[in-house]
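Q: Data: data18.cif, mmCIF, C-alpha atoms.
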```cif
data_model
loop_
_atom_site.group_PDB
_atom_site.id
_atom_site.type_symbol
_atom_site.label_atom_id
_atom_site.label_comp_id
_atom_site.auth_asym_id
_atom_site.auth_seq_id
_atom_site.Cartn_x
_atom_site.Cartn_y
_atom_site.Cartn_z
ATOM 1 C CA MET T 1 -3.681 -14.767 31.093
ATOM 2 C CA LYS T 2 -7.394 -14.083 31.421
ATOM 3 C CA ILE T 3 -8.770 -12.463 28.274
ATOM 4 C CA VAL T 4 -12.351 -11.203 28.370
ATOM 5 C CA PHE T 5 -14.384 -10.478 25.236
ATOM 6 C CA ALA T 6 -17.119 -7.965 26.032
ATOM 7 C CA GLY T 7 -19.672 -7.870 23.240
ATOM 8 C CA LEU T 8 -20.156 -11.133 21.322
ATOM 9 C CA GLY T 9 -21.476 -9.743 18.054
ATOM 10 C CA GLY T 10 -19.840 -10.231 14.683
ATOM 11 C CA VAL T 11 -16.450 -8.844 15.729
ATOM 12 C CA GLY T 12 -16.189 -9.919 19.363
ATOM 13 C CA GLY T 13 -17.831 -13.241 18.603
ATOM 14 C CA TYR T 14 -15.439 -14.139 15.794
ATOM 15 C CA TYR T 15 -12.193 -13.153 17.497
ATOM 16 C CA GLY T 16 -13.385 -14.400 20.880
ATOM 17 C CA ALA T 17 -14.210 -17.779 19.389
ATOM 18 C CA VAL T 18 -10.816 -18.072 17.696
ATOM 19 C CA VAL T 19 -9.085 -17.410 21.023
ATOM 20 C CA ALA T 20 -11.416 -19.639 23.066
ATOM 21 C CA ARG T 21 -10.973 -22.538 20.656
ATOM 22 C CA PHE T 22 -7.195 -22.304 20.967
ATOM 23 C CA LEU T 23 -7.308 -22.039 24.774
ATOM 24 C CA GLU T 24 -9.844 -24.776 25.413
ATOM 25 C CA GLY T 25 -8.481 -27.021 28.144
ATOM 26 C CA ASN T 26 -5.633 -24.622 28.933
ATOM 27 C CA GLU T 27 -5.153 -24.289 32.696
ATOM 28 C CA GLU T 28 -3.103 -21.084 32.576
ATOM 29 C CA ASP T 29 -4.756 -18.946 29.870
ATOM 30 C CA ARG T 30 -8.534 -18.568 29.841
ATOM 31 C CA ALA T 31 -11.088 -16.926 27.551
ATOM 32 C CA VAL T 32 -14.197 -15.369 29.080
ATOM 33 C CA PHE T 33 -17.256 -14.200 27.119
ATOM 34 C CA LEU T 34 -19.510 -11.386 28.285
ATOM 35 C CA ALA T 35 -22.858 -11.645 26.496
ATOM 36 C CA ARG T 36 -26.608 -11.399 27.119
ATOM 37 C CA GLY T 37 -29.992 -13.007 26.563
ATOM 38 C CA GLU T 38 -30.578 -15.892 24.185
ATOM 39 C CA HIS T 39 -27.100 -15.488 22.710
ATOM 40 C CA LEU T 40 -25.560 -16.123 26.134
ATOM 41 C CA LYS T 41 -27.886 -19.052 26.832
ATOM 42 C CA ALA T 42 -26.970 -20.720 23.544
ATOM 43 C CA ILE T 43 -23.239 -20.222 24.172
ATOM 44 C CA ARG T 44 -23.576 -21.789 27.613
ATOM 45 C CA ASP T 45 -25.579 -24.722 26.267
ATOM 46 C CA ARG T 46 -23.802 -25.480 22.983
ATOM 47 C CA GLY T 47 -20.746 -23.234 22.715
ATOM 48 C CA LEU T 48 -20.270 -20.473 20.141
ATOM 49 C CA ARG T 49 -20.434 -21.767 16.573
ATOM 50 C CA VAL T 50 -18.574 -19.826 13.898
ATOM 51 C CA VAL T 51 -19.323 -20.379 10.221
ATOM 52 C CA THR T 52 -16.692 -19.128 7.757
ATOM 53 C CA PRO T 53 -16.100 -19.540 4.012
ATOM 54 C CA GLU T 54 -13.492 -22.199 4.867
ATOM 55 C CA GLY T 55 -15.681 -24.203 7.215
ATOM 56 C CA GLU T 56 -17.033 -23.971 10.731
ATOM 57 C CA PHE T 57 -16.004 -24.641 14.312
ATOM 58 C CA THR T 58 -17.444 -24.426 17.816
ATOM 59 C CA ALA T 59 -15.648 -22.674 20.677
ATOM 60 C CA ARG T 60 -16.338 -23.149 24.367
ATOM 61 C CA PRO T 61 -14.982 -20.435 26.663
ATOM 62 C CA PHE T 62 -13.841 -21.043 30.197
ATOM 63 C CA LEU T 63 -16.761 -18.857 31.325
ATOM 64 C CA ALA T 64 -19.720 -17.177 29.630
ATOM 65 C CA THR T 65 -21.601 -14.661 31.750
ATOM 66 C CA ASP T 66 -23.636 -11.457 31.709
ATOM 67 C CA THR T 67 -22.173 -10.317 35.034
ATOM 68 C CA PRO T 68 -18.757 -8.576 34.845
ATOM 69 C CA SER T 69 -18.076 -9.085 38.557
ATOM 70 C CA GLU T 70 -18.402 -12.850 38.037
ATOM 71 C CA ALA T 71 -15.618 -12.732 35.476
ATOM 72 C CA GLY T 72 -13.323 -10.745 37.786
ATOM 73 C CA VAL T 73 -10.396 -8.551 36.799
ATOM 74 C CA ALA T 74 -9.069 -9.281 33.307
ATOM 75 C CA ASP T 75 -5.507 -9.228 32.087
ATOM 76 C CA VAL T 76 -6.861 -8.209 28.673
ATOM 77 C CA LEU T 77 -10.320 -6.802 27.983
ATOM 78 C CA VAL T 78 -11.426 -6.728 24.334
ATOM 79 C CA VAL T 79 -14.382 -4.354 23.909
ATOM 80 C CA ALA T 80 -16.495 -4.979 20.809
ATOM 81 C CA VAL T 81 -19.868 -3.382 21.533
ATOM 82 C CA LYS T 82 -21.720 -0.976 19.238
ATOM 83 C CA GLY T 83 -20.589 2.653 19.372
ATOM 84 C CA TYR T 84 -23.898 3.848 20.829
ATOM 85 C CA ASP T 85 -23.498 1.446 23.763
ATOM 86 C CA LEU T 86 -19.851 2.159 24.509
ATOM 87 C CA GLU T 87 -20.189 4.698 27.315
ATOM 88 C CA SER T 88 -22.911 2.854 29.238
ATOM 89 C CA ALA T 89 -21.294 -0.535 28.677
ATOM 90 C CA GLY T 90 -17.934 0.839 29.759
ATOM 91 C CA ARG T 91 -19.398 1.738 33.145
ATOM 92 C CA GLU T 92 -20.627 -1.839 33.526
ATOM 93 C CA PHE T 93 -17.171 -3.160 32.648
ATOM 94 C CA ALA T 94 -15.476 -1.409 35.601
ATOM 95 C CA PRO T 95 -15.206 -4.636 37.701
ATOM 96 C CA LEU T 96 -13.135 -6.159 34.881
ATOM 97 C CA VAL T 97 -10.431 -3.502 35.028
ATOM 98 C CA ASP T 98 -7.567 -2.508 37.279
ATOM 99 C CA ALA T 99 -4.344 -0.589 36.659
ATOM 100 C CA HIS T 100 -2.695 -3.602 35.001
ATOM 101 C CA THR T 101 -5.542 -4.488 32.630
ATOM 102 C CA VAL T 102 -4.930 -3.963 28.920
ATOM 103 C CA VAL T 103 -8.111 -2.641 27.275
ATOM 104 C CA LEU T 104 -8.464 -3.079 23.515
ATOM 105 C CA PRO T 105 -11.528 -1.478 21.863
ATOM 106 C CA LEU T 106 -12.413 -2.812 18.407
ATOM 107 C CA LEU T 107 -15.149 -0.451 17.216
ATOM 108 C CA ASN T 108 -15.903 1.414 14.008
ATOM 109 C CA GLY T 109 -15.303 4.862 15.523
ATOM 110 C CA VAL T 110 -11.972 6.534 16.221
ATOM 111 C CA ASN T 111 -12.501 7.948 19.727
ATOM 112 C CA SER T 112 -13.200 4.757 21.682
ATOM 113 C CA PRO T 113 -10.166 5.148 24.005
ATOM 114 C CA GLU T 114 -11.306 8.618 25.100
ATOM 115 C CA ILE T 115 -14.823 7.375 25.850
ATOM 116 C CA LEU T 116 -13.600 4.353 27.783
ATOM 117 C CA ARG T 117 -11.055 6.365 29.755
ATOM 118 C CA SER T 118 -13.874 8.621 30.941
ATOM 119 C CA VAL T 119 -15.811 5.735 32.533
ATOM 120 C CA LEU T 120 -13.250 3.044 33.404
ATOM 121 C CA PRO T 121 -10.728 2.931 36.250
ATOM 122 C CA PRO T 122 -7.113 3.702 35.258
ATOM 123 C CA CYS T 123 -5.825 0.988 32.922
ATOM 124 C CA ARG T 124 -3.490 0.336 29.990
ATOM 125 C CA MET T 125 -5.506 1.650 27.037
ATOM 126 C CA LEU T 126 -5.024 0.637 23.414
ATOM 127 C CA ASN T 127 -6.892 1.370 20.213
ATOM 128 C CA GLY T 128 -7.529 -0.932 17.298
ATOM 129 C CA CYS T 129 -9.524 -1.807 14.210
ATOM 130 C CA VAL T 130 -10.355 -4.904 12.211
ATOM 131 C CA TYR T 131 -11.203 -5.726 8.615
ATOM 132 C CA ILE T 132 -13.874 -8.396 8.765
ATOM 133 C CA SER T 133 -17.426 -9.015 7.568
ATOM 134 C CA SER T 134 -19.300 -10.958 10.229
ATOM 135 C CA SER T 135 -22.548 -10.881 12.156
ATOM 136 C CA ILE T 136 -24.752 -12.853 14.531
ATOM 137 C CA GLU T 137 -26.753 -15.307 12.427
ATOM 138 C CA GLY T 138 -28.752 -16.528 15.417
ATOM 139 C CA PRO T 139 -28.285 -17.238 19.130
ATOM 140 C CA GLY T 140 -24.879 -18.825 19.570
ATOM 141 C CA VAL T 141 -23.947 -18.566 15.879
ATOM 142 C CA ILE T 142 -21.550 -16.139 14.158
ATOM 143 C CA ARG T 143 -21.268 -16.067 10.365
ATOM 144 C CA GLN T 144 -18.097 -14.580 8.872
ATOM 145 C CA THR T 145 -18.539 -13.817 5.189
ATOM 146 C CA GLY T 146 -15.540 -11.800 4.096
ATOM 147 C CA GLY T 147 -12.746 -9.396 4.883
ATOM 148 C CA SER T 148 -9.072 -10.084 5.484
ATOM 149 C CA ARG T 149 -9.724 -10.687 9.230
ATOM 150 C CA LYS T 150 -6.629 -8.568 9.924
ATOM 151 C CA LEU T 151 -6.506 -6.947 13.358
ATOM 152 C CA PHE T 152 -4.448 -3.789 13.933
ATOM 153 C CA PHE T 153 -3.791 -2.406 17.400
ATOM 154 C CA GLY T 154 -1.409 -0.299 19.420
ATOM 155 C CA PRO T 155 -1.153 2.311 22.160
ATOM 156 C CA PRO T 156 -2.407 5.828 21.327
ATOM 157 C CA GLU T 157 0.656 6.914 23.253
ATOM 158 C CA GLY T 158 3.450 5.119 25.080
ATOM 159 C CA LYS T 159 5.795 2.287 24.242
ATOM 160 C CA THR T 160 4.699 -0.210 21.627
ATOM 161 C CA GLU T 161 7.011 -2.913 22.945
ATOM 162 C CA ASP T 162 5.069 -3.013 26.213
ATOM 163 C CA PHE T 163 2.302 -4.769 24.271
ATOM 164 C CA ARG T 164 4.364 -7.149 22.148
ATOM 165 C CA PHE T 165 3.171 -9.994 24.373
ATOM 166 C CA LEU T 166 -0.398 -9.431 23.190
ATOM 167 C CA GLU T 167 0.569 -9.506 19.517
ATOM 168 C CA GLU T 168 2.423 -12.789 20.093
ATOM 169 C CA PHE T 169 -0.502 -14.233 22.038
ATOM 170 C CA LEU T 170 -3.103 -13.324 19.386
ATOM 171 C CA ARG T 171 -0.935 -14.720 16.604
ATOM 172 C CA LYS T 172 -0.419 -17.926 18.564
ATOM 173 C CA CYS T 173 -4.193 -18.228 18.778
ATOM 174 C CA GLY T 174 -4.474 -17.923 14.994
ATOM 175 C CA ILE T 175 -5.348 -14.231 14.596
ATOM 176 C CA ASP T 176 -3.528 -12.128 12.003
ATOM 177 C CA ALA T 177 -2.678 -9.346 14.455
ATOM 178 C CA ALA T 178 -0.252 -6.459 13.954
ATOM 179 C CA LEU T 179 1.048 -4.168 16.695
ATOM 180 C CA LEU T 180 1.540 -0.684 15.270
ATOM 181 C CA GLU T 181 3.575 2.277 16.454
ATOM 182 C CA ASN T 182 1.083 4.648 14.843
ATOM 183 C CA VAL T 183 -2.265 2.971 15.449
ATOM 184 C CA ASP T 184 -4.117 6.258 14.896
ATOM 185 C CA GLU T 185 -3.149 6.170 11.221
ATOM 186 C CA ALA T 186 -4.689 2.708 10.798
ATOM 187 C CA VAL T 187 -7.848 3.623 12.691
ATOM 188 C CA TRP T 188 -8.385 6.880 10.784
ATOM 189 C CA THR T 189 -7.575 5.222 7.449
ATOM 190 C CA LYS T 190 -10.444 2.820 8.039
ATOM 191 C CA PHE T 191 -12.699 5.604 9.347
ATOM 192 C CA ILE T 192 -12.214 7.806 6.261
ATOM 193 C CA PHE T 193 -13.448 4.876 4.179
ATOM 194 C CA LEU T 194 -16.116 3.518 6.527
ATOM 195 C CA SER T 195 -17.943 6.618 7.763
ATOM 196 C CA PRO T 196 -18.754 8.170 4.357
ATOM 197 C CA PHE T 197 -19.758 4.850 2.798
ATOM 198 C CA ALA T 198 -22.013 4.127 5.781
ATOM 199 C CA GLY T 199 -23.673 7.523 5.523
ATOM 200 C CA VAL T 200 -24.097 7.689 1.758
ATOM 201 C CA THR T 201 -25.325 4.108 1.248
ATOM 202 C CA SER T 202 -27.877 4.654 4.025
ATOM 203 C CA LEU T 203 -29.085 8.036 2.769
ATOM 204 C CA PHE T 204 -29.323 7.181 -0.930
ATOM 205 C CA HIS T 205 -30.552 3.573 -0.465
ATOM 206 C CA ARG T 206 -27.761 2.433 -2.776
ATOM 207 C CA THR T 207 -25.201 -0.356 -2.774
ATOM 208 C CA PHE T 208 -21.475 0.341 -2.983
ATOM 209 C CA GLY T 209 -21.536 -0.112 -6.753
ATOM 210 C CA GLU T 210 -24.543 2.162 -7.190
ATOM 211 C CA VAL T 211 -23.031 4.875 -4.997
ATOM 212 C CA LEU T 212 -19.788 4.817 -6.965
ATOM 213 C CA ALA T 213 -21.638 4.854 -10.288
ATOM 214 C CA GLY T 214 -23.961 7.736 -9.384
ATOM 215 C CA GLU T 215 -22.601 11.215 -10.095
ATOM 216 C CA ASP T 216 -24.608 12.721 -7.209
ATOM 217 C CA SER T 217 -23.777 10.095 -4.595
ATOM 218 C CA LEU T 218 -20.116 9.826 -5.631
ATOM 219 C CA SER T 219 -19.732 13.581 -5.267
ATOM 220 C CA VAL T 220 -21.135 13.473 -1.731
ATOM 221 C CA LEU T 221 -19.002 10.444 -0.873
ATOM 222 C CA ARG T 222 -15.762 12.055 -2.036
ATOM 223 C CA GLY T 223 -16.614 15.331 -0.317
ATOM 224 C CA MET T 224 -17.296 13.592 3.002
ATOM 225 C CA MET T 225 -13.962 11.788 2.768
ATOM 226 C CA GLN T 226 -12.222 15.116 2.158
ATOM 227 C CA GLU T 227 -13.964 16.623 5.194
ATOM 228 C CA ILE T 228 -12.784 13.783 7.439
ATOM 229 C CA GLU T 229 -9.285 14.019 5.984
ATOM 230 C CA THR T 230 -9.217 17.723 6.922
ATOM 231 C CA ILE T 231 -10.188 16.912 10.505
ATOM 232 C CA ALA T 232 -7.616 14.137 10.747
ATOM 233 C CA ARG T 233 -4.821 16.412 9.566
ATOM 234 C CA LYS T 234 -5.915 19.146 11.985
ATOM 235 C CA LYS T 235 -5.563 16.547 14.736
ATOM 236 C CA GLY T 236 -2.042 15.702 13.560
ATOM 237 C CA ILE T 237 -2.895 12.257 12.178
ATOM 238 C CA SER T 238 -0.350 11.083 9.612
ATOM 239 C CA LEU T 239 -2.099 9.892 6.446
ATOM 240 C CA PRO T 240 -1.052 9.232 2.829
ATOM 241 C CA PRO T 241 -1.469 12.323 0.619
ATOM 242 C CA ASP T 242 -3.857 10.382 -1.665
ATOM 243 C CA ILE T 243 -5.950 8.903 1.165
ATOM 244 C CA VAL T 244 -9.270 9.876 -0.483
ATOM 245 C CA ASP T 245 -8.404 8.179 -3.795
ATOM 246 C CA LEU T 246 -7.170 5.121 -1.895
ATOM 247 C CA SER T 247 -10.427 5.003 0.050
ATOM 248 C CA LEU T 248 -12.520 5.180 -3.123
ATOM 249 C CA GLU T 249 -10.455 2.385 -4.664
ATOM 250 C CA LYS T 250 -11.034 0.305 -1.555
ATOM 251 C CA GLY T 251 -14.772 0.757 -2.083
ATOM 252 C CA ARG T 252 -14.446 -0.380 -5.696
ATOM 253 C CA SER T 253 -12.745 -3.576 -4.506
ATOM 254 C CA PHE T 254 -15.974 -4.703 -2.804
ATOM 255 C CA PRO T 255 -18.653 -6.578 -4.751
ATOM 256 C CA PRO T 256 -20.962 -3.943 -6.343
ATOM 257 C CA GLU T 257 -23.988 -5.331 -4.467
ATOM 258 C CA THR T 258 -22.380 -4.714 -1.062
ATOM 259 C CA LYS T 259 -24.349 -2.719 1.498
ATOM 260 C CA SER T 260 -22.839 -1.074 4.565
ATOM 261 C CA SER T 261 -23.703 -2.476 7.973
ATOM 262 C CA MET T 262 -25.311 0.850 8.948
ATOM 263 C CA GLN T 263 -27.493 0.683 5.839
ATOM 264 C CA LEU T 264 -28.621 -2.813 6.832
ATOM 265 C CA ASP T 265 -29.372 -1.679 10.383
ATOM 266 C CA CYS T 266 -31.413 1.190 8.965
ATOM 267 C CA GLU T 267 -33.324 -1.106 6.622
ATOM 268 C CA ARG T 268 -34.127 -3.464 9.476
ATOM 269 C CA GLY T 269 -35.359 -0.645 11.704
ATOM 270 C CA ARG T 270 -32.505 -1.077 14.177
ATOM 271 C CA ARG T 271 -30.578 1.581 15.992
ATOM 272 C CA THR T 272 -27.574 2.735 13.939
ATOM 273 C CA GLU T 273 -24.102 4.061 14.668
ATOM 274 C CA ALA T 274 -24.838 7.398 12.999
ATOM 275 C CA ASP T 275 -23.695 9.310 16.068
ATOM 276 C CA SER T 276 -20.286 7.638 16.327
ATOM 277 C CA LEU T 277 -19.669 7.557 12.562
ATOM 278 C CA LEU T 278 -21.143 10.907 11.477
ATOM 279 C CA GLY T 279 -22.081 12.896 14.581
ATOM 280 C CA PHE T 280 -18.509 12.616 15.817
ATOM 281 C CA VAL T 281 -17.265 14.239 12.594
ATOM 282 C CA VAL T 282 -19.760 17.084 12.970
ATOM 283 C CA GLY T 283 -18.708 17.646 16.585
ATOM 284 C CA GLU T 284 -14.997 17.577 15.808
ATOM 285 C CA GLY T 285 -15.552 19.950 12.900
ATOM 286 C CA GLU T 286 -17.151 22.463 15.251
ATOM 287 C CA ARG T 287 -14.421 22.016 17.849
ATOM 288 C CA LEU T 288 -11.562 22.383 15.369
ATOM 289 C CA GLY T 289 -13.105 25.068 13.162
ATOM 290 C CA ALA T 290 -13.378 22.760 10.149
ATOM 291 C CA ASP T 291 -16.372 23.096 7.851
ATOM 292 C CA VAL T 292 -18.119 19.743 7.265
ATOM 293 C CA PRO T 293 -21.365 20.650 5.453
ATOM 294 C CA LEU T 294 -21.742 17.373 3.571
ATOM 295 C CA THR T 295 -21.285 15.179 6.626
ATOM 296 C CA ARG T 296 -23.609 17.429 8.611
ATOM 297 C CA GLY T 297 -26.247 17.246 5.877
ATOM 298 C CA VAL T 298 -26.138 13.450 5.660
ATOM 299 C CA TYR T 299 -26.167 13.125 9.444
ATOM 300 C CA ASP T 300 -29.124 15.477 9.872
ATOM 301 C CA ALA T 301 -31.092 13.750 7.110
ATOM 302 C CA LEU T 302 -30.557 10.333 8.665
ATOM 303 C CA LEU T 303 -31.576 11.608 12.091
ATOM 304 C CA LEU T 304 -34.838 12.943 10.644
ATOM 305 C CA ARG T 305 -35.893 9.494 9.531
ATOM 306 C CA ALA T 306 -34.152 7.475 12.260
ATOM 307 C CA SER T 307 -37.431 6.009 13.451
ATOM 308 C CA HIS T 308 -38.386 4.698 9.994
ATOM 309 C CA PRO T 309 -36.898 1.791 8.016
ATOM 310 C CA CYS T 310 -34.959 2.785 4.933
ATOM 311 C CA GLY T 311 -36.644 0.085 2.860
ATOM 312 C CA GLY T 312 -35.145 -2.527 0.590
ATOM 313 C CA GLN T 313 -33.847 -6.023 1.167
ATOM 314 C CA PRO T 314 -30.693 -6.747 3.201
ATOM 315 C CA GLU T 315 -27.520 -7.885 1.531
ATOM 316 C CA GLN T 316 -24.146 -9.030 2.824
ATOM 317 C CA ARG T 317 -22.474 -6.493 5.075
ATOM 318 C CA PRO T 318 -18.927 -5.346 4.308
#
```
Before we go any further, please render this structure as structure tokens.

A:
Amino acid sequence: MKIVFAGLGGVGGYYGAVVARFLEGNEEDRAVFLARGEHLKAIRDRGLRVVTPEGEFTARPFLATDTPSEAGVADVLVVAVKGYDLESAGREFAPLVDAHTVVLPLLNGVNSPEILRSVLPPCRMLNGCVYISSSIEGPGVIRQTGGSRKLFFGPPEGKTEDFRFLEEFLRKCGIDAALLENVDEAVWTKFIFLSPFAGVTSLFHRTFGEVLAGEDSLSVLRGMMQEIETIARKKGISLPPDIVDLSLEKGRSFPPETKSSMQLDCERGRRTEADSLLGFVVGEGERLGADVPLTRGVYDALLLRASHPCGGQPEQRP
């Protein structure tokens, strides 16, 4: 099996390194990294170092490149780029894909399969999500700070058993992976938690604990979750009846000083995933006839100041 990890940030870098470490020296199964710039140079020179709360390790892939055609057609392509890069990156990934390739997007949004299908050749498309806190600490270095590291995946439609081999492979490599019959439920469950927290922490300049303690910010947070729940149910997504309360409790389980990754990107003056996390909700609301005034208001406010840092000092990302 040739498994290609496209996007070697916190998510792709961590899971790619776990797989590459297990496969090092394997003549039949090979891990390939698709990266760029100084990050790629460091991986080629020294391998990819991963620092975790339990310790650290260095992984050396069979190949690290910035040229998809050099990697050739993959048996499995794991896509872990930022949401705002997905469409353009997907076009670049075309040489990696044929009709037999399994494509697994691991992004924060919920519509990654639709975007990738629009730009990739026909393939075997999955969807997935992960629960991990990790980021690039420097060229060739990934720091994983928290999260269960659980990986959920499955086909948006079709037979789950056709992908049992991938679940077994990932588990053999040391990844806590679960193949789901209803992957949309897992992806939307994370999205209902992630999108509102990302938007509200960024807009109010508040940590998780401060957002949950503030009457104004908590009201917006809960309302945004309810808006996304409405959209999900209109789309036929099966969710627990108390999904909003569960999502708020999940937020309370984080350290109070936690900041969302979008908040940190905003503070550092970087491009954010506002379009894929909030703009998508606004667009789906219009398409489905669902009113989403709170999400629209937060999205519009963040767009107005997109070119300016939000201020404050960065903390650990969730």

Q: T:Tyr84, T:Phe197, T:Tyr15, T:Phe153: which is nearest T:Ser134, counting all atoms listed in the file?

A: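 Nearest to T:Ser134: T:Tyr15.
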
Q: Could you pull the residues within 9 Å of T:Val200, counting all atoms listed in the file, minus those fewer than 2 positions along the same chain, as a PyMOL selection string?

A: chain T and resi 195-198+202-206+211+217-218+220-221+263+298

Q: By how many Å are atom CA of T:Leu106 and atom CA of T:Arg91 apart?

A: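 Atom CA of T:Leu106 sits 16.9 Å away from atom CA of T:Arg91.
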
Q: Could you state the separation of atom CA of T:Ser148 and atom CA of T:Ala64 in Å, given to one decimal place?

A: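 Answer for the atom CA of T:Ser148 to atom CA of T:Ala64 separation: 27.3 Å.
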
Q: Between atom CA of T:Leu126 and atom CA of T:Pro240, measure the distance and give it in Å to one decimal.

A: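 Between these atoms lies a distance of 22.7 Å.
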
Q: Identify all residues satisfying the PyMOL selection byres ((chain T and resi 158) around 12) in the given file; provide them as a compact mmCIF listing (two decimals) with C-alpha atoms, keeping the file's coordinate frame.

A:
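out-v8.txt written:
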```txt
# COMPACT_ATOMS: atom_id res chain seq x y z
CA ARG T 124 -3.49 0.34 29.99
CA MET T 125 -5.51 1.65 27.04
CA LEU T 126 -5.02 0.64 23.41
CA GLY T 154 -1.41 -0.30 19.42
CA PRO T 155 -1.15 2.31 22.16
CA PRO T 156 -2.41 5.83 21.33
CA GLU T 157 0.66 6.91 23.25
CA LYS T 159 5.80 2.29 24.24
CA THR T 160 4.70 -0.21 21.63
CA GLU T 161 7.01 -2.91 22.94
CA ASP T 162 5.07 -3.01 26.21
CA PHE T 163 2.30 -4.77 24.27
CA LEU T 180 1.54 -0.68 15.27
CA GLU T 181 3.58 2.28 16.45
CA ASN T 182 1.08 4.65 14.84
CA VAL T 183 -2.26 2.97 15.45
```

Q: Within 8 Å of T:Gly72, counting only C-alpha atoms, which residues show up once you throw out same-chain ones fewer than 2 positions away? Write them as a count of residues only, please.

A: 6

Q: Need the neighbours of (-6.6, 4.1, 30.2): which residues are at most 12 Å away, counting only C-alpha atoms, as a ChimeraX atom specification?

A: /T:77,90,94,97-105,112-127,155-158

Q: Go ahead and write the selection's residues with C-alpha atoms as a short mmCIF file (atom, residue, chain, number, x, y, z; two decimals), in the coordinates of the input.

A:
```
data_model
loop_
_atom_site.label_atom_id
_atom_site.label_comp_id
_atom_site.auth_asym_id
_atom_site.auth_seq_id
_atom_site.Cartn_x
_atom_site.Cartn_y
_atom_site.Cartn_z
CA LEU T 77 -10.32 -6.80 27.98
CA GLY T 90 -17.93 0.84 29.76
CA ALA T 94 -15.48 -1.41 35.60
CA VAL T 97 -10.43 -3.50 35.03
CA ASP T 98 -7.57 -2.51 37.28
CA ALA T 99 -4.34 -0.59 36.66
CA HIS T 100 -2.70 -3.60 35.00
CA THR T 101 -5.54 -4.49 32.63
CA VAL T 102 -4.93 -3.96 28.92
CA VAL T 103 -8.11 -2.64 27.28
CA LEU T 104 -8.46 -3.08 23.52
CA PRO T 105 -11.53 -1.48 21.86
CA SER T 112 -13.20 4.76 21.68
CA PRO T 113 -10.17 5.15 24.00
CA GLU T 114 -11.31 8.62 25.10
CA ILE T 115 -14.82 7.38 25.85
CA LEU T 116 -13.60 4.35 27.78
CA ARG T 117 -11.06 6.36 29.76
CA SER T 118 -13.87 8.62 30.94
CA VAL T 119 -15.81 5.74 32.53
CA LEU T 120 -13.25 3.04 33.40
CA PRO T 121 -10.73 2.93 36.25
CA PRO T 122 -7.11 3.70 35.26
CA CYS T 123 -5.82 0.99 32.92
CA ARG T 124 -3.49 0.34 29.99
CA MET T 125 -5.51 1.65 27.04
CA LEU T 126 -5.02 0.64 23.41
CA ASN T 127 -6.89 1.37 20.21
CA PRO T 155 -1.15 2.31 22.16
CA PRO T 156 -2.41 5.83 21.33
CA GLU T 157 0.66 6.91 23.25
CA GLY T 158 3.45 5.12 25.08
#
```

Q: Please enumerate the residues selected by the PyMOL selection byres ((chain T and resi 237) around 12) when evaluated against the supplied file, formatted as a PyMOL selection string.

A: chain T and resi 110+156+182-189+192+228-236+238-241+243

Q: Starting from the PyMOL selection byres ((chain T and resi 141) around 8), expand the selection into actual residues of this file and give them as a ChimeraX atom specification.

A: /T:48-51,136-140,142-143

Q: May I ask which of the residues T:Thr272, T:Ser219, T:Thr65, T:Asn111 is the closest one to T:Glu38, counting only C-alpha atoms?

A: T:Thr65

Q: Is it possible to get the residues within 12 Å of (-1.2, -11.7, 23.4) (coordinates as in the file, counting all atoms listed in the file) written as a PyMOL selection string?

A: chain T and resi 1-3+19+29-31+75-78+102+104+153+162-179

Q: T:Glu24: which residues within 8 Å, counting all atoms listed in the file, same-chain residues fewer than 5 positions away excluded, as a PyMOL selection string?

A: chain T and resi 30+59-62

Q: Which is closer to T:Ala6 than all the others in T:Glu92, T:Glu54, T:Glu215, T:Glu27, using all atoms listed in the file?

A: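 Going through T:Glu92, T:Glu54, T:Glu215, T:Glu27 one by one, the smallest distance to T:Ala6 is for T:Glu92.
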
Q: For T:Ser261, list every protein, DNA or RNA residue within 12 Å, evaluated using all atoms listed in the file, and leave out those in the same chain fewer than 3 positions away; present the list as a PyMOL selection string.

A: chain T and resi 10+82+108+132-135+194-195+197-202+207-208+258+264-268+270-274+277+314-318
